[in-house]
Amino acid sequence: MGTYAVTGAASGMGAAVAASLTEAGHTVLGIDRPGTDADIAADLSTADGRAAAASAVLERCSGRLDGAVLAAGLGPKRGQEQTILDVNVLGVTELLTAWRPALASASNAKVVVFGSNSTTSTPLVPHRAVRRLIAGDTEAAARQIRRRGQVSAPAAYAASKVAVTQWCRLHGTRPDWAGAGIRVNVLAPGPVMTPLLQSQLNSAQGKNVRSFPVPVREYGTPEQLAAWVMLMLSDSADFMCGSVITVDGGTEALLRSRDWPKPLPLRSMPKLLWRMYRAPKDGQVAQY
Ligand code: NAI
């Protein structure tokens with residue numbers, strides 16, 4: 001049985017994942033805000049809180065983590081742009097960076113990060129802000145996002161999820177992650193009935209949220225999404241690396257039917273040719 005860190009373990013999908021892992025006999029190190037019943041109380045919106053959460057897990061897992069599920073997150077709320085970016089981006093990237101050696105020690109560790117289908121269904125996400133977020137500069141990103149005015153909260157939320165998703169694909173395919181036996185993948189849910197979605201539905205934006213099309217005509221449940229996470233933490237995911245799994249009742253497929261899959265753009269060819277030069281000739285799998 002393994003040891004798994006789960007952020008956002010006190011509510012919604014993080015709680016459902018923690019319950020499934022515990023039921024399967026694993027040890028769960030649950031992290032959530034002070035005042036919740038999580039094993040490790042930490043405010044992931046502050047640098048001190050993130051550092052404390054990272055070290056508490058490392059102390060309790062004795063240097064070996066079989067997996068991590070990053071589910072803590074804040075939904076779009078006007079005026080909270082900076083906090084959304086800090087929790088949703090740095091609450092993932094800083095923790096994973098600190099835990100990487102412990103994940104590598106397990107030789108076959110799995111990481112699942114909660115993205116969102118808002119990454120591909122929200123317009124007006126500033127690319128420069130996303131680049132800054134990937135570099136860890138949430139303050140500069142927040143300044144840019146606030147210029148979006150009325151849509152700054154959804155833009156902050158979508159930008160945070162685009163940034164963590166791209167961070168996972170950038171880092172997860174590198175030798176120190178994929179090459180060290182760590183599989184990093186992203187789950188991108190659509191509307192799932194949790195306190196986060198409920199507060200969106202109750203807010204001034206509730207009408208917009210309700211009018212967003214969901215082809216299967218119902219919201220997801222935390223248990224359905226937890227089942228996907230369990231699969232992504234299992235040996236079945238050994239060959240899965242940097243993937244983004246959208247589970248959203250069909251919204252993304254409806255809105256973006258013809259946008260994906262997309263052929264490789266010609267501008268990527270020089271990089272690809274360079275890789276082909278380095279490919280081994282004896283039938284072994286190429287390593288980068
Ligand atoms: P939730 O609100 O039920 O759970 C989120 C958890 O994160 C809560 O327990 C909360 O206390 C914790 N958290 C928030 N700020 C924190 C902080 N500063 N420090 C420590 N913990 C903090 O939400 P839900 O719906 O279960 O969300 C899980 C993940 O899925 C989030 O990353 C969310 O963005 C994402 N997501 C949710 C969707 C939905 O419709 N529910 C859709 C797409 C993505």
# chains A, B, ... in the order shown; residues from 1 in each chain; ligands from 1
>>> select_by_dssp(residues="region 118-272 of chain A", states="alpha helix (DSSP H)", output="PyMOL selection string")
chain A and resi 118-121+127-134+138-146+152-172+195-202+206-211+222-233+251-255+269-272
>>> residues_around(residues="region 246-249 of chain A", least_positions_apart="3", cutoff="12 Å", atoms="only C-alpha atoms", output="VMD selection string")
chain A and resid 114 to 121 165 185 to 193 212 to 222 224 to 229 243 252 to 255
>>> residues_around(residues="Ser45 (chain A)", least_positions_apart="5", cutoff="10 Å", atoms="only C-alpha atoms", output="VMD selection string")
chain A and resid 33 50 73 to 74 82 to 91
>>> write_last_selection(atoms="all heavy atoms", output="short mmCIF file (atom, residue, chain, number, x, y, z; two decimals), in the first residue's frame")
data_model
loop_
_atom_site.label_atom_id
_atom_site.label_comp_id
_atom_site.auth_asym_id
_atom_site.auth_seq_id
_atom_site.Cartn_x
_atom_site.Cartn_y
_atom_site.Cartn_z
N ARG A 33 -7.26 23.96 4.06
CA ARG A 33 -7.19 25.22 4.82
C ARG A 33 -7.28 24.98 6.32
O ARG A 33 -7.96 24.05 6.76
CB ARG A 33 -8.37 26.09 4.44
CG ARG A 33 -8.19 26.84 3.16
CD ARG A 33 -9.23 27.91 3.06
NE ARG A 33 -10.39 27.43 2.35
CZ ARG A 33 -10.96 28.10 1.34
NH1 ARG A 33 -10.48 29.27 0.97
NH2 ARG A 33 -12.00 27.62 0.74
N ARG A 50 2.40 27.25 1.78
CA ARG A 50 2.81 26.24 0.80
C ARG A 50 4.08 25.52 1.27
O ARG A 50 4.19 24.29 1.17
CB ARG A 50 3.03 26.88 -0.58
CG ARG A 50 1.74 27.40 -1.21
CD ARG A 50 1.95 27.86 -2.63
NE ARG A 50 2.78 29.05 -2.77
CZ ARG A 50 2.33 30.31 -2.71
NH1 ARG A 50 1.05 30.54 -2.50
NH2 ARG A 50 3.16 31.33 -2.87
N GLY A 73 -8.35 24.22 -4.90
CA GLY A 73 -8.52 25.26 -5.92
C GLY A 73 -9.65 26.20 -5.55
O GLY A 73 -10.52 25.86 -4.75
N LEU A 74 -9.59 27.38 -6.13
CA LEU A 74 -10.64 28.39 -5.93
C LEU A 74 -11.30 28.65 -7.27
O LEU A 74 -10.62 28.75 -8.29
CB LEU A 74 -10.03 29.69 -5.42
CG LEU A 74 -9.54 29.68 -3.97
CD1 LEU A 74 -8.82 30.99 -3.68
CD2 LEU A 74 -10.70 29.49 -3.00
N GLN A 82 -5.77 37.58 -7.47
CA GLN A 82 -4.44 37.21 -6.97
C GLN A 82 -4.48 35.89 -6.20
O GLN A 82 -3.63 35.01 -6.38
CB GLN A 82 -3.90 38.33 -6.07
CG GLN A 82 -2.51 38.07 -5.50
CD GLN A 82 -1.41 38.21 -6.56
OE1 GLN A 82 -1.28 39.26 -7.17
NE2 GLN A 82 -0.64 37.15 -6.77
N THR A 83 -5.47 35.74 -5.32
CA THR A 83 -5.57 34.51 -4.51
C THR A 83 -5.84 33.29 -5.39
O THR A 83 -5.28 32.21 -5.17
CB THR A 83 -6.69 34.65 -3.46
OG1 THR A 83 -6.63 35.96 -2.92
CG2 THR A 83 -6.54 33.65 -2.35
N ILE A 84 -6.69 33.47 -6.39
CA ILE A 84 -6.98 32.36 -7.32
C ILE A 84 -5.67 31.88 -7.96
O ILE A 84 -5.38 30.69 -8.02
CB ILE A 84 -7.98 32.80 -8.41
CG1 ILE A 84 -9.35 33.09 -7.80
CG2 ILE A 84 -8.09 31.77 -9.53
CD1 ILE A 84 -10.33 33.79 -8.74
N LEU A 85 -4.87 32.84 -8.42
CA LEU A 85 -3.62 32.48 -9.09
C LEU A 85 -2.65 31.81 -8.11
O LEU A 85 -2.00 30.82 -8.45
CB LEU A 85 -2.96 33.72 -9.71
CG LEU A 85 -3.79 34.47 -10.77
CD1 LEU A 85 -3.04 35.68 -11.27
CD2 LEU A 85 -4.16 33.54 -11.94
N ASP A 86 -2.58 32.35 -6.89
CA ASP A 86 -1.64 31.79 -5.90
C ASP A 86 -2.00 30.35 -5.53
O ASP A 86 -1.14 29.47 -5.48
CB ASP A 86 -1.60 32.66 -4.64
CG ASP A 86 -0.88 33.98 -4.90
OD1 ASP A 86 -0.04 34.02 -5.83
OD2 ASP A 86 -1.16 34.97 -4.19
N VAL A 87 -3.29 30.11 -5.26
CA VAL A 87 -3.70 28.75 -4.85
C VAL A 87 -3.65 27.80 -6.04
O VAL A 87 -3.06 26.71 -5.97
CB VAL A 87 -5.14 28.76 -4.26
CG1 VAL A 87 -5.61 27.35 -3.94
CG2 VAL A 87 -5.19 29.64 -3.00
N ASN A 88 -4.28 28.22 -7.16
CA ASN A 88 -4.44 27.29 -8.28
C ASN A 88 -3.14 27.02 -9.04
O ASN A 88 -3.00 25.97 -9.66
CB ASN A 88 -5.49 27.84 -9.28
CG ASN A 88 -6.88 27.90 -8.67
OD1 ASN A 88 -7.05 27.70 -7.48
ND2 ASN A 88 -7.87 28.20 -9.48
N VAL A 89 -2.20 27.96 -8.99
CA VAL A 89 -0.94 27.74 -9.72
C VAL A 89 0.19 27.37 -8.75
O VAL A 89 0.70 26.24 -8.79
CB VAL A 89 -0.54 28.97 -10.56
CG1 VAL A 89 0.78 28.71 -11.29
CG2 VAL A 89 -1.64 29.31 -11.56
N LEU A 90 0.54 28.29 -7.84
CA LEU A 90 1.68 28.01 -6.96
C LEU A 90 1.36 26.88 -5.98
O LEU A 90 2.25 26.14 -5.56
CB LEU A 90 2.08 29.28 -6.20
CG LEU A 90 2.46 30.47 -7.10
CD1 LEU A 90 2.88 31.67 -6.26
CD2 LEU A 90 3.57 30.10 -8.08
N GLY A 91 0.07 26.72 -5.65
CA GLY A 91 -0.36 25.61 -4.78
C GLY A 91 -0.17 24.26 -5.45
O GLY A 91 -0.25 23.22 -4.81
#
>>> residues_around(residues="Ile145 (chain A)", least_positions_apart="6", cutoff="9 Å", atoms="only C-alpha atoms", output="PyMOL selection string")
chain A and resi 81+125-126+129+151-153+155-156+159
>>> residues_around(residues="Ala68 (chain A)", least_positions_apart="6", cutoff="7 Å", atoms="only C-alpha atoms", output="VMD selection string")
chain A and resid 4 to 6 110 to 112
>>> write_last_selection(atoms="N, CA, C and O atoms", output="PDB file, in the first residue's frame")
ATOM      1  N   TYR A   4      -0.011   8.748  -0.281  1.00  0.00           N
ATOM      2  CA  TYR A   4      -0.446   9.748  -1.268  1.00  0.00           C
ATOM      3  C   TYR A   4      -0.740  11.082  -0.591  1.00  0.00           C
ATOM      4  O   TYR A   4      -1.424  11.112   0.438  1.00  0.00           O
ATOM      5  N   ALA A   5      -0.258  12.155  -1.181  1.00  0.00           N
ATOM      6  CA  ALA A   5      -0.612  13.504  -0.716  1.00  0.00           C
ATOM      7  C   ALA A   5      -1.798  13.977  -1.544  1.00  0.00           C
ATOM      8  O   ALA A   5      -1.805  13.825  -2.768  1.00  0.00           O
ATOM      9  N   VAL A   6      -2.798  14.546  -0.871  1.00  0.00           N
ATOM     10  CA  VAL A   6      -3.986  15.054  -1.575  1.00  0.00           C
ATOM     11  C   VAL A   6      -4.274  16.462  -1.070  1.00  0.00           C
ATOM     12  O   VAL A   6      -4.543  16.659   0.120  1.00  0.00           O
ATOM     13  N   LYS A 110       2.689   8.450  -9.373  1.00  0.00           N
ATOM     14  CA  LYS A 110       1.704   9.083 -10.265  1.00  0.00           C
ATOM     15  C   LYS A 110       1.246  10.405  -9.653  1.00  0.00           C
ATOM     16  O   LYS A 110       0.987  10.470  -8.446  1.00  0.00           O
ATOM     17  N   VAL A 111       1.133  11.412 -10.507  1.00  0.00           N
ATOM     18  CA  VAL A 111       0.629  12.717 -10.069  1.00  0.00           C
ATOM     19  C   VAL A 111      -0.591  13.060 -10.916  1.00  0.00           C
ATOM     20  O   VAL A 111      -0.550  12.941 -12.142  1.00  0.00           O
ATOM     21  N   VAL A 112      -1.662  13.463 -10.255  1.00  0.00           N
ATOM     22  CA  VAL A 112      -2.846  13.938 -10.983  1.00  0.00           C
ATOM     23  C   VAL A 112      -3.139  15.367 -10.528  1.00  0.00           C
ATOM     24  O   VAL A 112      -3.319  15.628  -9.336  1.00  0.00           O
TER      25      VAL A 112
END
>>> closest_residue(among="A:Ser268, A:Thr93, A:Thr138, A:Ser160", to="ligand 1", atoms="only C-alpha atoms and all ligand atoms")
A:Ser160
>>> residues_around(residues="Cys61 (chain A)", least_positions_apart="5", cutoff="10 Å", atoms="only C-alpha atoms", output="PyMOL selection string")
chain A and resi 2-5+27-29+55-56+66+102
>>> select_by_dssp(residues="region 188-259 of chain A", states="strand (DSSP E or B)", output="ChimeraX atom specification")
/A:188-189,192,220,244-247
>>> closest_residue(among="A:Leu124, A:Ala286, A:Met13, A:Val57", to="ligand 1", atoms="only C-alpha atoms and all ligand atoms")
A:Met13
>>> atom_distance(atom1="atom 32 (O, counted along the ligand's line) of ligand 1", atom2="CA of Ala204 (chain A)")
20.9 Å
>>> closest_residue(among="A:Thr36, A:Ser11, A:Gln150, A:Thr173", to="ligand 1", atoms="only C-alpha atoms and all ligand atoms")
A:Ser11
>>> residues_around(residues="Val184 (chain A)", least_positions_apart="2", cutoff="6 Å", atoms="only C-alpha atoms", output="list in words")
Val111, Gly172, Cys241 and Gly242 of chain A
>>> write_last_selection(atoms="all heavy atoms", output="compact mmCIF listing (two decimals), in the first residue's frame")
# COMPACT_ATOMS: atom_id res chain seq x y z
N VAL A 111 1.13 11.41 -10.51
CA VAL A 111 0.63 12.72 -10.07
C VAL A 111 -0.59 13.06 -10.92
O VAL A 111 -0.55 12.94 -12.14
CB VAL A 111 1.71 13.82 -10.26
CG1 VAL A 111 1.13 15.20 -9.97
CG2 VAL A 111 2.91 13.54 -9.37
N GLY A 172 6.42 17.44 -16.84
CA GLY A 172 6.13 16.00 -16.73
C GLY A 172 6.81 15.15 -17.78
O GLY A 172 6.98 13.95 -17.59
N CYS A 241 1.46 10.01 -19.87
CA CYS A 241 2.42 11.02 -19.45
C CYS A 241 2.07 12.35 -20.11
O CYS A 241 2.04 12.44 -21.35
CB CYS A 241 3.81 10.55 -19.87
SG CYS A 241 5.11 11.74 -19.57
N GLY A 242 1.77 13.35 -19.31
CA GLY A 242 1.46 14.68 -19.85
C GLY A 242 0.10 14.76 -20.52
O GLY A 242 -0.18 15.72 -21.24
>>> closest_residue(among="A:Asn202, A:Thr194, A:Gln80, A:Ser211", to="ligand 1", atoms="only C-alpha atoms and all ligand atoms")
A:Thr194
>>> atom_distance(atom1="CA of Met232 (chain A)", atom2="CA of Arg183 (chain A)")
9.0 Å
